[in-house]
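Peer 1: Next up is a structure, given as structure tokens.
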Amino acid sequence: MKDFMMIFIGASYEELGLSPEELQGRMGKWFAWGDKMGKQGILKGGEALVPNIKRVVGSNRTVTDGPFADSKEIIGGYYIVSAENADAVVKIAEDFPDYDLGGTVEIREVMVFDK
Amino acid sequence: MEHKIVDHLFRHHYGKMVAILTRYFGLSHLETIEDAVQDTFIKATLQWRKQLPDNPEAWLTKVAKNRTIDLLRSIKAEKNRVEKFMPVESSIPFNELFLNHEIEDSQLRMIFVACHPSLNPKEQIAFALKTISGFSTKEIAAALLIKEDTIAKRIRRAKRTIIKNNLAFDFPHPNEVNGRLVRVMEVIYLTFNEGFHSTNKEKLIREDLCGEALRLCKLLLKKEKFRSGSMYALFGLLCFHASRLETKTNAINEIVDIREQDRKKWYFPLIQMGNEAMNKAIEYRDVSIYHYEAVIAAEHIKAKSFEETNWENILNWYTELQDLQPNSFTLLNIAIVNLQLNNFETVIAILETLPISDLEQRAYLFYGCYSEYYAKRNDIVLAISYLDKAISKTSNNLEKAYLERKKEGFRKLS
């Protein structure tokens with residue numbers, strides 16, 4: 001088994017202007033998904049990220065504060081799951097609740113360093 | 001696993017929190033308050049992914065409270081430059097505002113604000129659905145079949161009016177209560193009708209609107225000072241209508257008229273609640289259109305089949321209703337009932353004098369009645385031609401489809 005990170009990319013819920021009812025629906029789906037992975041014992045961790053962004057760029061360490069022009073494409077959170085291979089994670093990612101909001105899941109294998 | 005959060009918790013909580021915080025900060029901060037409450041739900045949506053709190057509602061309340069304290073600080077900082085900031089409601093300690101009966105109190109105040117006579121009726125409904133019921137602009141637009149832009153404008157206008165007129169977040173003066181309640185009942189009635197007569201694709205939206213109307217009515221009835229025969233009758237009426245909501249459309253969302261509805265599926269607990277409300281209503285001396293409409297709705301519910309409907313009783317009630325408050329829709333209904341009783345001359349006499357323009361977008365009902373009349377007189381050609389007129393008068397696809405099916409039925413007869 002290997003570890004994979006599922007990175008969730010899309011507009012923040014604030015930006016999308018979801019209603020309380022819609023938010024509750026989203027929350028339910030996220031919870032159900034997390035619960036399912038938890039029960040399968042494949043969920044290793046994960047966090048949701050606050051949409052405020054600070055960027056440090058270049059050798060001058062120039063700091064800029066968001067929002068940025070591309071803020072419809074921010075990382076909203078991640079999960080780490082253990083799976084056989086990337087294809088198995090693709091299967092897991094089918095339950096990601098926000099595809100209909102234009103959301104994307106990026107799957108990356110966590111690198112293991114040889115000892 | 002199904003999550004264990006109560007249906008509509010967020011939406012209902014939105015209305016509660018906005019009402020409480022408005023009571024504390026005042027209506028002039030409504031915009032900021034709504035944003036803060038919205039933030040609470042976004043936070044919950046992110047944090048509850050991993051684990052649900054033991055008591056979700058308490059969690060939401062706590063976060064909203066804390067958010068408010070932040071708000072208070074920022075408002076204070078802003079105000080300090082010009083004046084000393086004082087909370088509007090200082091007679092009650094902040095924490096007590098979050099007790100159940102105070103929450104209800106705050107929500108009732110918001111209802112009176114929404115129904116304030118300085119707001120126009122269309123703005124009142126949009127504002128109430130947003131602020132009291134927690135629907136988003138988009139959801140209101142979908143529910144009322146109106147453009148989102150228009151709804152947003154109505155809400156903005158309502159808020160501007162509230163601030164411009166410096167409306168207080170309070171109950172009307174005791175002398176004014178009864179007058180103001182008339183409008184409150186109208187707004188509830190209209191909200192319900194939007195759901196009940198709507199031909200919205202989404203059954204859920206229809207149920208939500210009707211549910212909200214019932215909820216607000218119930219909230220008002222909890223307070224002795226807002227009870228009246230009319231309020232109870234309105235509640236009874238809504239219960240009777242709501243009991244049939246499920247059977248008004250079929251699985252593929254076609255309109256099912258009362259003749260064809262499966263009466264066994266009418267929801268009995270609501271009918272019972274309606275009956276109880278009507279028993280209460282008669283303990284008061286006031287009489288309203290709601291009394292009559294409720295009694296008429298009850299007559300339909302009492303009938304075991306369409307054929308067993310007591311049309312004579314219904315005709316009497318409609319006639320009394322027309323005496324109480326003359327209205328072209330009631331007149332049309334009187335014609336329709338007379339048609340059931342085969343009083344053909346009366347039907348024609350009414351239809352010939354009825355001011356069609358009063359019926360606005362529901363004029364198709366008038367032509368539908370004419371069509372029924374000719375069908376009963378075995379003149380299928382004219383029946384079909386009036387149905388065509390009815391079809392041309394409705395822009396609503398569901399109604400169109402319903403009338404087309406009817407026309408198909410007539411064709412087979414001819």
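Chain labels A, B, ... are given in the sequence in which chains occur in the structure tokens; within each chain residues are numbered consecutively from 1, and ligands are likewise numbered from 1 in the order shown.
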Find the residues around stretch 218-228 of chain B up to 9 Å (only C-alpha atoms counted), leave out those fewer than 2 positions away in its own chain, and share them as a count of residues only.
Peer 2: 22
Peer 1: At a cut-off of 9 Å, using only C-alpha atoms, what residues contact B:Leu354? Leave out same-chain residues fewer than 2 positions from it and give the result as number ranges by chain.
Peer 2: B: 328, 331-332, 349-352, 356-358, 366
Peer 1: Selection from above, C-alpha atoms, as an mmCIF file, in the first residue's frame, can you write it?
Peer 2:
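Writing the result to selection_12.cif gives the following:
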data_model
loop_
_atom_site.group_PDB
_atom_site.id
_atom_site.type_symbol
_atom_site.label_atom_id
_atom_site.label_comp_id
_atom_site.auth_asym_id
_atom_site.auth_seq_id
_atom_site.Cartn_x
_atom_site.Cartn_y
_atom_site.Cartn_z
ATOM 1 C CA SER B 328 -63.280 37.967 -9.423
ATOM 2 C CA LEU B 331 -66.897 34.749 -8.745
ATOM 3 C CA LEU B 332 -65.191 32.370 -11.151
ATOM 4 C CA ALA B 349 -74.643 34.739 -16.615
ATOM 5 C CA ILE B 350 -71.554 34.913 -14.403
ATOM 6 C CA LEU B 351 -69.019 34.171 -17.126
ATOM 7 C CA GLU B 352 -70.500 36.800 -19.429
ATOM 8 C CA ILE B 356 -61.390 38.694 -17.247
ATOM 9 C CA SER B 357 -58.572 41.189 -16.847
ATOM 10 C CA ASP B 358 -58.838 40.791 -13.050
ATOM 11 C CA PHE B 366 -61.882 31.346 -17.135
#
Peer 1: Give me, as a Markdown table, the closest atom pair and its distance (Å, one decimal) for every residue of chain A within a cut-off of 6 Å of chain B, counting only C-alpha atoms, rows sorted by chain and rising number.
Peer 2:
| residue | atom | partner | partner_atom | distance |
| --- | --- | --- | --- | --- |
| A:Ser19 | CA | B:Ser136 | CA | 5.1 |
| A:Pro20 | CA | B:Arg11 | CA | 5.1 |
| A:Glu21 | CA | B:Arg11 | CA | 5.4 |
| A:Met27 | CA | B:Thr45 | CA | 4.7 |
| A:Gly28 | CA | B:His3 | CA | 6.0 |
| A:Trp30 | CA | B:Arg49 | CA | 5.4 |
| A:Phe31 | CA | B:Arg49 | CA | 4.5 |
| A:Ala32 | CA | B:Met1 | CA | 5.7 |
Peer 1: With distances taken over only C-alpha atoms, which of A:Val105, A:Ala88, A:Leu23, A:Met6 is nearest to A:Lys44?
Peer 2: A:Met6
Peer 1: I'd like to know which residues of stretch 9-109 of chain A are strand (DSSP E or B) (by DSSP, run on the backbone); could you write them as a PyMOL selection string?
Peer 2: chain A and resi 9-10+43-48+54-57+62-65+74-83+104-109
Peer 1: The selected residues should be written to file as a tab-separated table (two decimals), in the first residue's frame (atoms: N, CA and C atoms).
Peer 2:
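Result saved to out-v8.tsv:
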chain	number	residue	atom	x	y	z
A	9	ILE	N	-9.24	21.28	-5.59
A	9	ILE	CA	-9.04	22.59	-6.18
A	9	ILE	C	-10.36	23.11	-6.74
A	10	GLY	N	-10.61	24.39	-6.48
A	10	GLY	CA	-11.83	24.99	-7.01
A	10	GLY	C	-12.07	26.32	-6.34
A	43	LEU	N	-8.28	6.23	5.39
A	43	LEU	CA	-8.06	7.67	5.56
A	43	LEU	C	-6.93	7.92	6.56
A	44	LYS	N	-5.86	8.57	6.07
A	44	LYS	CA	-4.71	8.79	6.94
A	44	LYS	C	-4.70	10.20	7.54
A	45	GLY	N	-5.41	11.11	6.92
A	45	GLY	CA	-5.43	12.47	7.44
A	45	GLY	C	-5.95	13.43	6.40
A	46	GLY	N	-6.02	14.70	6.78
A	46	GLY	CA	-6.50	15.69	5.83
A	46	GLY	C	-6.99	16.91	6.55
A	47	GLU	N	-7.03	18.01	5.85
A	47	GLU	CA	-7.49	19.26	6.45
A	47	GLU	C	-8.23	20.07	5.39
A	48	ALA	N	-9.07	20.96	5.87
A	48	ALA	CA	-9.65	21.98	4.99
A	48	ALA	C	-8.81	23.24	5.19
A	54	LYS	N	-1.50	34.11	1.29
A	54	LYS	CA	-0.31	34.96	1.25
A	54	LYS	C	0.69	34.27	0.34
A	55	ARG	N	1.31	35.02	-0.54
A	55	ARG	CA	2.32	34.40	-1.41
A	55	ARG	C	3.66	35.08	-1.23
A	56	VAL	N	4.67	34.29	-1.15
A	56	VAL	CA	6.03	34.81	-1.08
A	56	VAL	C	6.71	34.39	-2.38
A	57	VAL	N	7.17	35.36	-3.13
A	57	VAL	CA	7.68	35.05	-4.46
A	57	VAL	C	9.05	35.69	-4.69
A	62	THR	N	9.20	38.71	-2.09
A	62	THR	CA	8.08	39.64	-2.19
A	62	THR	C	6.80	38.96	-1.70
A	63	VAL	N	6.13	39.64	-0.75
A	63	VAL	CA	4.90	39.06	-0.19
A	63	VAL	C	3.68	39.74	-0.81
A	64	THR	N	2.77	38.92	-1.31
A	64	THR	CA	1.50	39.49	-1.78
A	64	THR	C	0.35	38.77	-1.08
A	65	ASP	N	-0.70	39.54	-0.83
A	65	ASP	CA	-1.89	38.96	-0.20
A	65	ASP	C	-2.96	38.73	-1.24
A	74	ILE	N	-8.38	27.77	-6.21
A	74	ILE	CA	-7.51	27.65	-5.04
A	74	ILE	C	-7.63	26.26	-4.43
A	75	ILE	N	-6.61	25.91	-3.66
A	75	ILE	CA	-6.64	24.63	-2.97
A	75	ILE	C	-7.49	24.78	-1.72
A	76	GLY	N	-8.54	24.01	-1.65
A	76	GLY	CA	-9.47	24.14	-0.54
A	76	GLY	C	-9.20	23.14	0.57
A	77	GLY	N	-8.40	22.12	0.28
A	77	GLY	CA	-8.12	21.13	1.30
A	77	GLY	C	-7.50	19.89	0.70
A	78	TYR	N	-7.22	18.91	1.54
A	78	TYR	CA	-6.62	17.68	1.04
A	78	TYR	C	-6.94	16.52	1.98
A	79	TYR	N	-6.86	15.34	1.43
A	79	TYR	CA	-6.95	14.12	2.23
A	79	TYR	C	-5.75	13.25	1.87
A	80	ILE	N	-5.26	12.51	2.82
A	80	ILE	CA	-4.25	11.51	2.50
A	80	ILE	C	-4.88	10.14	2.72
A	81	VAL	N	-4.82	9.32	1.69
A	81	VAL	CA	-5.40	7.98	1.79
A	81	VAL	C	-4.35	6.94	1.41
A	82	SER	N	-4.54	5.75	1.92
A	82	SER	CA	-3.62	4.71	1.49
A	82	SER	C	-4.36	3.80	0.52
A	83	ALA	N	-3.68	3.45	-0.56
A	83	ALA	CA	-4.31	2.65	-1.61
A	83	ALA	C	-3.24	1.87	-2.37
A	104	THR	N	-12.05	20.22	-8.76
A	104	THR	CA	-11.11	19.26	-9.33
A	104	THR	C	-10.42	18.50	-8.21
A	105	VAL	N	-10.15	17.24	-8.42
A	105	VAL	CA	-9.32	16.49	-7.47
A	105	VAL	C	-8.00	16.15	-8.17
A	106	GLU	N	-6.92	16.54	-7.55
A	106	GLU	CA	-5.62	16.16	-8.10
A	106	GLU	C	-5.06	15.07	-7.21
A	107	ILE	N	-4.60	13.99	-7.83
A	107	ILE	CA	-4.10	12.85	-7.06
A	107	ILE	C	-2.58	12.77	-7.20
A	108	ARG	N	-1.90	12.79	-6.08
A	108	ARG	CA	-0.43	12.73	-6.10
A	108	ARG	C	0.04	11.68	-5.10
A	109	GLU	N	0.99	10.89	-5.56
A	109	GLU	CA	1.55	9.88	-4.67
A	109	GLU	C	2.55	10.54	-3.72
